[in-house]
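Q: Hey, dropping protein_28.cif in here, mmCIF, C-alpha atoms and all ligand atoms:
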data_upload
#
loop_
_atom_site.group_PDB
_atom_site.id
_atom_site.type_symbol
_atom_site.label_atom_id
_atom_site.label_comp_id
_atom_site.auth_asym_id
_atom_site.auth_seq_id
_atom_site.Cartn_x
_atom_site.Cartn_y
_atom_site.Cartn_z
ATOM 1 C CA MET A 16 -83.081 28.562 15.532
ATOM 2 C CA MET A 17 -86.055 30.613 16.624
ATOM 3 C CA MET A 18 -85.318 33.276 19.214
ATOM 4 C CA ASN A 19 -88.163 32.029 21.442
ATOM 5 C CA ASP A 20 -86.683 28.521 21.522
ATOM 6 C CA MET A 21 -83.403 29.927 22.732
ATOM 7 C CA ALA A 22 -85.166 32.075 25.316
ATOM 8 C CA ASN A 23 -86.795 28.905 26.659
ATOM 9 C CA VAL A 24 -83.426 27.183 26.789
ATOM 10 C CA ALA A 25 -81.996 30.229 28.567
ATOM 11 C CA SER A 26 -84.720 30.345 31.198
ATOM 12 C CA SER A 27 -84.520 26.587 31.784
ATOM 13 C CA THR A 28 -80.950 26.954 33.015
ATOM 14 C CA GLY A 29 -82.053 29.293 35.765
ATOM 15 C CA GLY A 30 -79.372 31.769 34.750
ATOM 16 C CA GLY A 31 -81.111 34.580 36.655
ATOM 17 C CA GLY A 32 -79.020 33.955 39.784
ATOM 18 C CA ARG A 33 -75.742 34.686 38.006
ATOM 19 C CA ARG A 34 -74.089 37.923 39.022
ATOM 20 C CA ILE A 35 -71.847 39.814 36.607
ATOM 21 C CA GLY A 36 -68.637 40.879 38.321
ATOM 22 C CA GLU A 37 -65.577 43.047 37.853
ATOM 23 C CA VAL A 38 -63.825 43.736 34.563
ATOM 24 C CA ILE A 39 -61.360 40.884 33.948
ATOM 25 C CA LEU A 40 -59.999 41.977 30.611
ATOM 26 C CA ASP A 41 -59.849 45.565 29.421
ATOM 27 C CA LEU A 42 -58.841 46.062 25.801
ATOM 28 C CA LYS A 43 -57.789 49.612 25.044
ATOM 29 C CA ASN A 44 -57.289 51.068 21.564
ATOM 30 C CA ILE A 45 -56.184 47.797 20.005
ATOM 31 C CA SER A 46 -54.852 47.958 16.438
ATOM 32 C CA LEU A 47 -53.562 44.926 14.574
ATOM 33 C CA ARG A 48 -52.100 44.843 11.077
ATOM 34 C CA PHE A 49 -50.944 42.016 8.839
ATOM 35 C CA GLY A 50 -48.599 43.779 6.417
ATOM 36 C CA GLY A 51 -50.876 46.259 4.673
ATOM 37 C CA VAL A 52 -54.121 44.673 5.978
ATOM 38 C CA LYS A 53 -55.690 46.448 8.945
ATOM 39 C CA ALA A 54 -57.445 43.604 10.765
ATOM 40 C CA LEU A 55 -58.340 45.703 13.845
ATOM 41 C CA THR A 56 -58.362 49.490 14.174
ATOM 42 C CA ASP A 57 -58.466 51.283 17.522
ATOM 43 C CA ILE A 58 -60.810 48.848 19.265
ATOM 44 C CA SER A 59 -61.701 49.245 22.936
ATOM 45 C CA PHE A 60 -64.057 47.123 25.019
ATOM 46 C CA ASP A 61 -64.016 45.190 28.245
ATOM 47 C CA ILE A 62 -65.035 41.739 29.441
ATOM 48 C CA ARG A 63 -66.588 41.271 32.883
ATOM 49 C CA GLU A 64 -66.416 38.254 35.116
ATOM 50 C CA HIS A 65 -69.276 35.729 34.635
ATOM 51 C CA GLU A 66 -70.776 37.447 31.592
ATOM 52 C CA ILE A 67 -71.521 36.088 28.133
ATOM 53 C CA ARG A 68 -69.807 38.606 25.858
ATOM 54 C CA SER A 69 -70.351 38.103 22.147
ATOM 55 C CA ILE A 70 -68.329 39.478 19.274
ATOM 56 C CA ILE A 71 -70.273 39.708 16.020
ATOM 57 C CA GLY A 72 -69.748 41.194 12.591
ATOM 58 C CA PRO A 73 -69.790 40.305 8.904
ATOM 59 C CA ASN A 74 -67.133 38.029 7.342
ATOM 60 C CA GLY A 75 -63.646 39.436 7.631
ATOM 61 C CA ALA A 76 -64.718 41.973 10.285
ATOM 62 C CA GLY A 77 -61.871 40.963 12.604
ATOM 63 C CA LYS A 78 -63.659 38.684 15.105
ATOM 64 C CA SER A 79 -61.196 35.768 15.059
ATOM 65 C CA SER A 80 -58.280 38.207 15.096
ATOM 66 C CA MET A 81 -59.757 39.749 18.243
ATOM 67 C CA LEU A 82 -60.025 36.337 19.891
ATOM 68 C CA ASN A 83 -56.399 35.664 18.957
ATOM 69 C CA VAL A 84 -55.388 38.953 20.563
ATOM 70 C CA ILE A 85 -57.249 38.003 23.743
ATOM 71 C CA ASN A 86 -55.448 34.686 24.095
ATOM 72 C CA GLY A 87 -52.025 35.914 23.074
ATOM 73 C CA VAL A 88 -51.696 34.314 19.629
ATOM 74 C CA TYR A 89 -51.552 37.731 17.934
ATOM 75 C CA HIS A 90 -49.727 40.727 19.369
ATOM 76 C CA PRO A 91 -51.335 44.046 18.427
ATOM 77 C CA GLN A 92 -49.003 46.774 17.177
ATOM 78 C CA GLU A 93 -50.905 49.365 19.202
ATOM 79 C CA GLY A 94 -53.023 49.431 22.316
ATOM 80 C CA GLN A 95 -52.992 48.021 25.793
ATOM 81 C CA ILE A 96 -54.567 45.016 27.476
ATOM 82 C CA LEU A 97 -55.274 45.085 31.200
ATOM 83 C CA PHE A 98 -55.785 41.708 32.873
ATOM 84 C CA ARG A 99 -57.475 42.175 36.239
ATOM 85 C CA GLY A 100 -56.317 45.790 36.245
ATOM 86 C CA GLU A 101 -52.660 45.016 35.478
ATOM 87 C CA PRO A 102 -51.118 45.796 32.087
ATOM 88 C CA ARG A 103 -50.565 42.486 30.351
ATOM 89 C CA GLN A 104 -47.090 42.024 28.971
ATOM 90 C CA LYS A 105 -46.479 40.338 25.644
ATOM 91 C CA MET A 106 -47.799 36.867 26.172
ATOM 92 C CA GLU A 107 -47.794 33.498 24.468
ATOM 93 C CA PRO A 108 -50.844 31.216 24.122
ATOM 94 C CA HIS A 109 -49.628 28.867 26.882
ATOM 95 C CA MET A 110 -49.516 31.876 29.226
ATOM 96 C CA ALA A 111 -53.164 32.574 28.410
ATOM 97 C CA ALA A 112 -53.970 29.028 29.483
ATOM 98 C CA ALA A 113 -52.113 29.599 32.738
ATOM 99 C CA GLN A 114 -54.294 32.694 33.282
ATOM 100 C CA GLY A 115 -57.370 30.486 33.002
ATOM 101 C CA ILE A 116 -58.246 31.234 29.358
ATOM 102 C CA ALA A 117 -59.265 28.277 27.155
ATOM 103 C CA ARG A 118 -60.678 28.275 23.656
ATOM 104 C CA THR A 119 -62.319 26.269 20.922
ATOM 105 C CA PHE A 120 -61.641 26.809 17.233
ATOM 106 C CA GLN A 121 -63.682 27.638 14.124
ATOM 107 C CA ASN A 122 -62.369 24.467 12.472
ATOM 108 C CA ILE A 123 -62.396 21.586 14.910
ATOM 109 C CA ALA A 124 -58.866 21.022 16.243
ATOM 110 C CA LEU A 125 -59.023 17.550 17.799
ATOM 111 C CA PHE A 126 -56.902 14.415 17.387
ATOM 112 C CA LYS A 127 -59.250 12.494 15.096
ATOM 113 C CA GLY A 128 -57.683 9.077 15.650
ATOM 114 C CA MET A 129 -57.792 9.350 19.433
ATOM 115 C CA THR A 130 -60.787 8.506 21.599
ATOM 116 C CA VAL A 131 -63.077 11.147 23.058
ATOM 117 C CA LEU A 132 -61.658 10.392 26.516
ATOM 118 C CA ASP A 133 -58.026 10.810 25.435
ATOM 119 C CA ASN A 134 -58.812 14.019 23.554
ATOM 120 C CA ILE A 135 -60.460 15.508 26.611
ATOM 121 C CA MET A 136 -57.529 14.340 28.734
ATOM 122 C CA THR A 137 -55.199 16.535 26.616
ATOM 123 C CA GLY A 138 -57.119 19.504 28.025
ATOM 124 C CA ARG A 139 -55.591 18.647 31.429
ATOM 125 C CA ASN A 140 -51.991 18.814 30.173
ATOM 126 C CA LEU A 141 -51.198 22.196 31.644
ATOM 127 C CA LYS A 142 -52.491 21.104 35.021
ATOM 128 C CA MET A 143 -50.273 18.019 35.141
ATOM 129 C CA LYS A 144 -47.282 18.438 37.386
ATOM 130 C CA CYS A 145 -45.874 14.927 36.941
ATOM 131 C CA ASN A 146 -43.868 14.239 33.783
ATOM 132 C CA LEU A 147 -42.249 10.961 32.691
ATOM 133 C CA PHE A 148 -39.343 11.592 35.061
ATOM 134 C CA HIS A 149 -41.733 12.009 37.985
ATOM 135 C CA HIS A 150 -43.599 8.892 36.893
ATOM 136 C CA ALA A 151 -40.354 6.881 37.147
ATOM 137 C CA LEU A 152 -39.265 8.339 40.480
ATOM 138 C CA PHE A 153 -42.517 9.007 42.313
ATOM 139 C CA PHE A 154 -44.853 6.389 40.960
ATOM 140 C CA GLY A 155 -47.457 6.683 43.746
ATOM 141 C CA LYS A 156 -47.698 10.470 43.503
ATOM 142 C CA ALA A 157 -47.937 10.368 39.700
ATOM 143 C CA GLN A 158 -50.635 7.717 39.919
ATOM 144 C CA ARG A 159 -52.685 9.771 42.390
ATOM 145 C CA GLU A 160 -52.397 12.766 40.089
ATOM 146 C CA GLU A 161 -53.514 10.677 37.110
ATOM 147 C CA ILE A 162 -56.575 9.481 39.052
ATOM 148 C CA GLU A 163 -57.434 13.066 39.970
ATOM 149 C CA HIS A 164 -57.207 14.168 36.314
ATOM 150 C CA ARG A 165 -59.348 11.221 35.172
ATOM 151 C CA LYS A 166 -61.961 12.154 37.767
ATOM 152 C CA LYS A 167 -62.146 15.717 36.494
ATOM 153 C CA VAL A 168 -62.409 14.489 32.907
ATOM 154 C CA GLU A 169 -65.233 12.115 33.873
ATOM 155 C CA GLU A 170 -67.071 15.025 35.504
ATOM 156 C CA VAL A 171 -66.847 16.985 32.253
ATOM 157 C CA ILE A 172 -68.045 13.930 30.288
ATOM 158 C CA ASP A 173 -71.084 13.620 32.566
ATOM 159 C CA PHE A 174 -71.782 17.342 32.385
ATOM 160 C CA LEU A 175 -71.802 17.364 28.578
ATOM 161 C CA GLU A 176 -73.708 14.074 28.380
ATOM 162 C CA ILE A 177 -71.173 12.236 26.229
ATOM 163 C CA GLN A 178 -70.721 9.086 28.367
ATOM 164 C CA SER A 179 -71.840 6.782 25.554
ATOM 165 C CA ILE A 180 -69.088 7.937 23.179
ATOM 166 C CA ARG A 181 -66.157 8.162 25.610
ATOM 167 C CA LYS A 182 -64.244 5.318 23.911
ATOM 168 C CA THR A 183 -65.130 6.295 20.327
ATOM 169 C CA PRO A 184 -62.410 7.754 18.078
ATOM 170 C CA VAL A 185 -63.351 11.381 17.467
ATOM 171 C CA GLY A 186 -63.066 11.084 13.668
ATOM 172 C CA ARG A 187 -66.038 8.676 13.637
ATOM 173 C CA LEU A 188 -68.397 11.114 15.357
ATOM 174 C CA PRO A 189 -70.901 13.379 13.626
ATOM 175 C CA TYR A 190 -69.853 17.028 13.403
ATOM 176 C CA GLY A 191 -72.131 18.301 16.191
ATOM 177 C CA LEU A 192 -70.698 15.805 18.677
ATOM 178 C CA GLN A 193 -67.122 16.640 17.657
ATOM 179 C CA LYS A 194 -67.869 20.266 18.519
ATOM 180 C CA ARG A 195 -69.150 19.114 21.902
ATOM 181 C CA VAL A 196 -65.957 17.121 22.497
ATOM 182 C CA GLU A 197 -63.957 20.239 21.692
ATOM 183 C CA LEU A 198 -65.955 22.114 24.305
ATOM 184 C CA ALA A 199 -65.281 19.263 26.733
ATOM 185 C CA ARG A 200 -61.547 19.479 26.152
ATOM 186 C CA ALA A 201 -61.605 23.238 26.820
ATOM 187 C CA LEU A 202 -63.674 22.689 29.984
ATOM 188 C CA ALA A 203 -61.265 20.023 31.246
ATOM 189 C CA ALA A 204 -58.754 22.846 31.750
ATOM 190 C CA GLU A 205 -61.216 24.388 34.275
ATOM 191 C CA PRO A 206 -61.034 27.804 32.594
ATOM 192 C CA THR A 207 -62.290 31.012 34.152
ATOM 193 C CA MET A 208 -62.690 32.454 30.647
ATOM 194 C CA LEU A 209 -63.787 30.407 27.669
ATOM 195 C CA LEU A 210 -63.332 31.698 24.114
ATOM 196 C CA LEU A 211 -65.715 30.038 21.662
ATOM 197 C CA ASP A 212 -65.101 30.632 17.955
ATOM 198 C CA GLU A 213 -68.336 29.798 16.121
ATOM 199 C CA PRO A 214 -69.278 26.823 18.317
ATOM 200 C CA MET A 215 -72.544 26.309 16.376
ATOM 201 C CA ALA A 216 -71.298 26.702 12.811
ATOM 202 C CA GLY A 217 -72.593 23.946 10.542
ATOM 203 C CA MET A 218 -74.965 22.522 13.152
ATOM 204 C CA ASN A 219 -78.591 21.583 12.680
ATOM 205 C CA VAL A 220 -81.315 23.145 14.841
ATOM 206 C CA GLU A 221 -81.257 20.391 17.463
ATOM 207 C CA GLU A 222 -77.454 20.424 17.769
ATOM 208 C CA LYS A 223 -77.536 24.206 18.115
ATOM 209 C CA GLN A 224 -80.119 23.970 20.873
ATOM 210 C CA ASP A 225 -77.945 21.457 22.739
ATOM 211 C CA MET A 226 -74.810 23.563 22.375
ATOM 212 C CA CYS A 227 -76.695 26.665 23.467
ATOM 213 C CA ARG A 228 -77.918 24.879 26.600
ATOM 214 C CA PHE A 229 -74.397 23.682 27.429
ATOM 215 C CA ILE A 230 -72.917 27.160 27.027
ATOM 216 C CA LEU A 231 -75.566 28.599 29.332
ATOM 217 C CA ASP A 232 -75.067 25.779 31.844
ATOM 218 C CA VAL A 233 -71.276 26.245 31.898
ATOM 219 C CA ASN A 234 -71.751 29.949 32.482
ATOM 220 C CA ASP A 235 -74.452 29.443 35.100
ATOM 221 C CA GLN A 236 -73.027 26.517 37.082
ATOM 222 C CA PHE A 237 -69.298 27.260 36.967
ATOM 223 C CA GLY A 238 -69.517 31.050 36.594
ATOM 224 C CA THR A 239 -67.234 30.786 33.559
ATOM 225 C CA THR A 240 -66.930 33.987 31.552
ATOM 226 C CA ILE A 241 -67.803 33.258 27.929
ATOM 227 C CA VAL A 242 -66.511 35.186 24.924
ATOM 228 C CA LEU A 243 -68.509 34.033 21.930
ATOM 229 C CA ILE A 244 -68.142 34.536 18.198
ATOM 230 C CA GLU A 245 -71.302 33.370 16.484
ATOM 231 C CA HIS A 246 -73.062 34.147 13.209
ATOM 232 C CA ASP A 247 -76.517 32.974 14.318
ATOM 233 C CA MET A 248 -78.097 36.243 15.426
ATOM 234 C CA GLY A 249 -81.004 34.513 17.186
ATOM 235 C CA VAL A 250 -78.555 32.693 19.444
ATOM 236 C CA VAL A 251 -76.360 35.740 20.033
ATOM 237 C CA MET A 252 -79.207 38.058 20.935
ATOM 238 C CA ASP A 253 -80.827 35.502 23.227
ATOM 239 C CA ILE A 254 -77.883 34.344 25.300
ATOM 240 C CA SER A 255 -75.483 37.321 25.436
ATOM 241 C CA ASP A 256 -75.241 39.838 28.240
ATOM 242 C CA ARG A 257 -73.388 42.289 26.010
ATOM 243 C CA VAL A 258 -72.466 42.295 22.339
ATOM 244 C CA VAL A 259 -69.617 44.079 20.590
ATOM 245 C CA VAL A 260 -70.010 44.585 16.844
ATOM 246 C CA LEU A 261 -67.078 44.843 14.441
ATOM 247 C CA ASP A 262 -67.139 45.852 10.805
ATOM 248 C CA TYR A 263 -64.032 46.134 8.602
ATOM 249 C CA GLY A 264 -61.887 45.936 11.739
ATOM 250 C CA LYS A 265 -63.649 48.827 13.486
ATOM 251 C CA LYS A 266 -66.060 48.759 16.406
ATOM 252 C CA ILE A 267 -69.491 50.004 15.333
ATOM 253 C CA GLY A 268 -71.597 48.924 18.313
ATOM 254 C CA ASP A 269 -71.295 47.742 21.897
ATOM 255 C CA GLY A 270 -73.955 47.087 24.511
ATOM 256 C CA PRO A 271 -76.812 44.836 25.602
ATOM 257 C CA PRO A 272 -78.547 42.891 22.776
ATOM 258 C CA ASP A 273 -81.597 45.187 22.621
ATOM 259 C CA GLU A 274 -79.439 48.259 22.211
ATOM 260 C CA VAL A 275 -77.198 46.653 19.588
ATOM 261 C CA LYS A 276 -80.186 45.326 17.605
ATOM 262 C CA ASN A 277 -81.485 48.871 17.211
ATOM 263 C CA ASN A 278 -78.150 50.513 16.419
ATOM 264 C CA PRO A 279 -78.480 52.016 12.889
ATOM 265 C CA ASP A 280 -74.789 51.382 12.071
ATOM 266 C CA VAL A 281 -75.182 47.719 12.991
ATOM 267 C CA ILE A 282 -78.373 47.382 10.940
ATOM 268 C CA ALA A 283 -76.648 49.021 7.958
ATOM 269 C CA ALA A 284 -73.592 46.744 8.244
ATOM 270 C CA TYR A 285 -75.766 43.645 8.295
ATOM 271 C CA LEU A 286 -78.120 44.777 5.545
ATOM 272 C CA GLY A 287 -75.080 45.212 3.345
ATOM 273 C CA THR A 288 -74.050 41.541 3.783
ATOM 274 C CA SER A 289 -75.529 38.106 3.328
ATOM 275 C CA HIS A 290 -75.994 37.547 7.118
HETATM 276 N N1 LIG B 1 -52.848 35.569 9.711
HETATM 277 C C1 LIG B 1 -53.307 36.503 8.885
HETATM 278 N N2 LIG B 1 -52.537 37.031 7.896
HETATM 279 C C2 LIG B 1 -52.998 37.985 7.081
HETATM 280 N N3 LIG B 1 -54.239 38.506 7.149
HETATM 281 C C3 LIG B 1 -55.057 38.033 8.081
HETATM 282 C C4 LIG B 1 -54.652 37.007 9.019
HETATM 283 N N4 LIG B 1 -55.689 36.744 9.868
HETATM 284 C C5 LIG B 1 -56.678 37.557 9.467
HETATM 285 N N5 LIG B 1 -56.311 38.318 8.423
HETATM 286 C C6 LIG B 1 -57.137 39.343 7.756
HETATM 287 O O1 LIG B 1 -57.673 40.169 8.759
HETATM 288 C C7 LIG B 1 -59.034 40.502 8.470
HETATM 289 C C8 LIG B 1 -59.927 40.026 9.614
HETATM 290 O O2 LIG B 1 -59.981 38.593 9.581
HETATM 291 P P1 LIG B 1 -60.689 37.730 10.713
HETATM 292 O O3 LIG B 1 -60.459 36.295 10.368
HETATM 293 O O4 LIG B 1 -60.256 38.196 12.038
HETATM 294 O O5 LIG B 1 -62.220 38.114 10.478
HETATM 295 P P2 LIG B 1 -63.533 37.373 11.007
HETATM 296 O O6 LIG B 1 -64.474 38.460 11.395
HETATM 297 O O7 LIG B 1 -63.182 36.370 12.027
HETATM 298 O O8 LIG B 1 -64.051 36.660 9.689
HETATM 299 P P3 LIG B 1 -64.955 35.326 9.492
HETATM 300 O O9 LIG B 1 -66.325 35.619 10.020
HETATM 301 O O10 LIG B 1 -64.948 35.150 8.003
HETATM 302 O O11 LIG B 1 -64.259 34.215 10.229
HETATM 303 C C9 LIG B 1 -59.363 39.860 7.142
HETATM 304 O O12 LIG B 1 -59.148 40.825 6.133
HETATM 305 C C10 LIG B 1 -58.348 38.744 7.030
HETATM 306 O O13 LIG B 1 -58.061 38.441 5.688
#
Rewrite the structure from the file as C-alpha cells, please.
Ligand SMILES: Nc1ncnc2c1ncn2[C@@H]1O[C@H](COP(=O)(O)OP(=O)(O)OP(=O)(O)O)[C@@H](O)[C@H]1O

A:
Amino acid sequence: MMMNDMANVASSTGGGGRRIGEVILDLKNISLRFGGVKALTDISFDIREHEIRSIIGPNGAGKSSMLNVINGVYHPQEGQILFRGEPRQKMEPHMAAAQGIARTFQNIALFKGMTVLDNIMTGRNLKMKCNLFHHALFFGKAQREEIEHRKKVEEVIDFLEIQSIRKTPVGRLPYGLQKRVELARALAAEPTMLLLDEPMAGMNVEEKQDMCRFILDVNDQFGTTIVLIEHDMGVVMDISDRVVVLDYGKKIGDGPPDEVKNNPDVIAAYLGTSH
C-alpha cells in the first residue's frame, strides 16, 4: 500500500473534525514475564479518547502481549493500569468487554460453520439481558430485546457493506471478508475502545484499502478509540495519531508518526529486521 493512497483514504473520511480527548487508559511501568521470558519490561504509555494509537515493533517485540494486558487476558507482574483515572484491579477479559473494550485477533477467531449474521450476533452477547429463563417467562420482553439486537447488527452490516454475504457461512468467505466480519462482530458490541491485532495481515492491496477506510470511518463516525497493531508501516504512519514502538519488550519510541519515523532507535530496530 502506497502511503499517498492511504492519505487519500484518510482525507476522504473527513477525519479532521475528530477531537482527541482525555486519557482513558494509562499504563505505568508495566512488566510481564512468562517464566524466564521477559515479554514486556517497564513500559509506560497512555491511550486517549478518540485517537488511533498504534503499537509497532519487530516480531516478538511484545505487541500482542501488550494488547492482552490492555484487555485483561494477561496480568503483568509489575506496574499499574489506570482506567479513566482509577487504578484498575485485576480484571478478566469479560470485564474488559463490560468496560467497552472489544478486540479482533491475529488469527481469525470466528465460528466458521455459522453465517455472517449469526457470528456478528455473538458480539451482542454481553449486551443481552434476557436468557433462556427470561425467554420462557417474559416472551414479549425477550422478543423486543431480540429485535433491538438484530437492528443493531443490521446497522453494523450496512456500515461495513457486507449485506450480500449476511447469510453465507463464514468459512466459505475469502480471507479479507472474514477479517471484515471479525471487525463487524467487535463493532456489534458498541465498543468505546477497539483493539485490532494485525487487521490487515495477509490482505491484498485492495482489501487493505477497504479495511483502512473502515477503521478510519469507525473512528471518525463513532468516535471509537482504536488501538492498532499492524506491520504495514505505510498504513500505520498514515492513519495513526500516535505510535508506540516496542523492541525486545522495551519501549524505544512514542509519539506522532513523523517523530517516530525519524527516531534513530526505531530506524535501527527496523533496519536490523526483515520489516
Ligand atoms: N503465552 C506465552 N507464553 C510464553 N511466552 C510468550 C507467551 N506469549 C508471548 N510470549 C513471548 O513473549 C514475547 C513477546 O511476544 P508477543 O507475541 O507479544 O510479540 P509480538 O510483538 O506480538 O510478535 P509478532 O509480531 O510476531 O506477533 C515473545 O518472546 C514470545 O515468545

Q: Translate the PyMOL selection byres (((chain A and resi 169) around 12) and not hetatm), as applied to the file shown, into an explicit residue set as an NGL selection string.

A: :A and (131-133 or 135-136 or 139 or 162-168 or 170-179 or 181 or 199-200 or 202-203)

Q: Could you state which residues are captured by the PyMOL selection byres (((not hetatm)) within 6 of (chain B and resi 1)) in this file, as a compact mmCIF listing (two decimals) with C-alpha atoms, in the frame of the given file?

A:
# COMPACT_ATOMS: atom_id res chain seq x y z
CA PHE A 49 -50.94 42.02 8.84
CA ALA A 54 -57.44 43.60 10.76
CA PRO A 73 -69.79 40.30 8.90
CA ASN A 74 -67.13 38.03 7.34
CA GLY A 75 -63.65 39.44 7.63
CA ALA A 76 -64.72 41.97 10.28
CA GLY A 77 -61.87 40.96 12.60
CA LYS A 78 -63.66 38.68 15.10
CA SER A 79 -61.20 35.77 15.06
CA SER A 80 -58.28 38.21 15.10

Q: Expanded to explicit residues, what is the PyMOL selection byres (((chain A and resi 117) around 8) and not hetatm) for this file, as a list of chain:residue names?

A: A:Ala111, A:Ala112, A:Gly115, A:Ile116, A:Arg118, A:Thr119, A:Ala201, A:Leu202, A:Ala204, A:Pro206, A:Met208, A:Leu209, A:Leu210

Q: State, in Å with one decimal place, the distance from CA of Ile39 in chain A to CA of Val84 in chain A.

A: 14.8 Å

Q: Under the rule that all atoms listed in the file are counted, which of A:Arg103, A:Ile35, A:Pro279, A:Ile67 is the nearest residue to Asp232 in chain A?

A: A:Ile67

Q: Pick the closest to Met129 in chain A from A:Lys182, A:Lys223, A:His109, A:Arg257: which is it, counting all atoms listed in the file?

A: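 Closest to Met129 in chain A of all the choices is A:Lys182.
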
Q: Box time for range 95-100 of chain A: axis-aligned, enclosing all its listed atoms, 4 Å extra on each side; report centre and edge lengths in Å to one decimal, as lines of an AutoDock Vina configuration file.

A:
center_x = -55.2
center_y = 44.9
center_z = 31.0
size_x = 12.5
size_y = 14.3
size_z = 18.5

Q: Using all atoms listed in the file, which of the listed residues (A:Arg159, A:Lys53, A:Lys127, A:His65) sits closest to Pro91 in chain A?

A: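 Ranked by minimum distance to Pro91 in chain A, first place goes to A:Lys53.
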
Q: Please compute the CA of Glu213 in chain A-CA of Val259 in chain A distance, one decimal, in Å.

A: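 If I compute the distance from CA of Glu213 in chain A to CA of Val259 in chain A, I get 15.0 Å.
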
Q: Taking all atoms listed in the file into account, which of A:Asp41, A:Val250, A:Leu211, A:Thr240 comes nearest Gln224 in chain A?

A: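 Using all atoms listed in the file, Gln224 in chain A sits closest to A:Val250.
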
Q: Neighbours of range 216-222 of chain A within 9 Å (all atoms listed in the file; same-chain residues fewer than 4 positions away dropped), as a VMD selection string?

A: chain A and resid 16 121 190 to 192 212 226 to 227 245 to 247

Q: Would you mind telling me which residue in A:Glu197, A:Asp61, A:Glu66, A:Glu93 lies nearest to Ile45 in chain A when using all atoms listed in the file?

A: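 Smallest separation from Ile45 in chain A among the options: A:Glu93.
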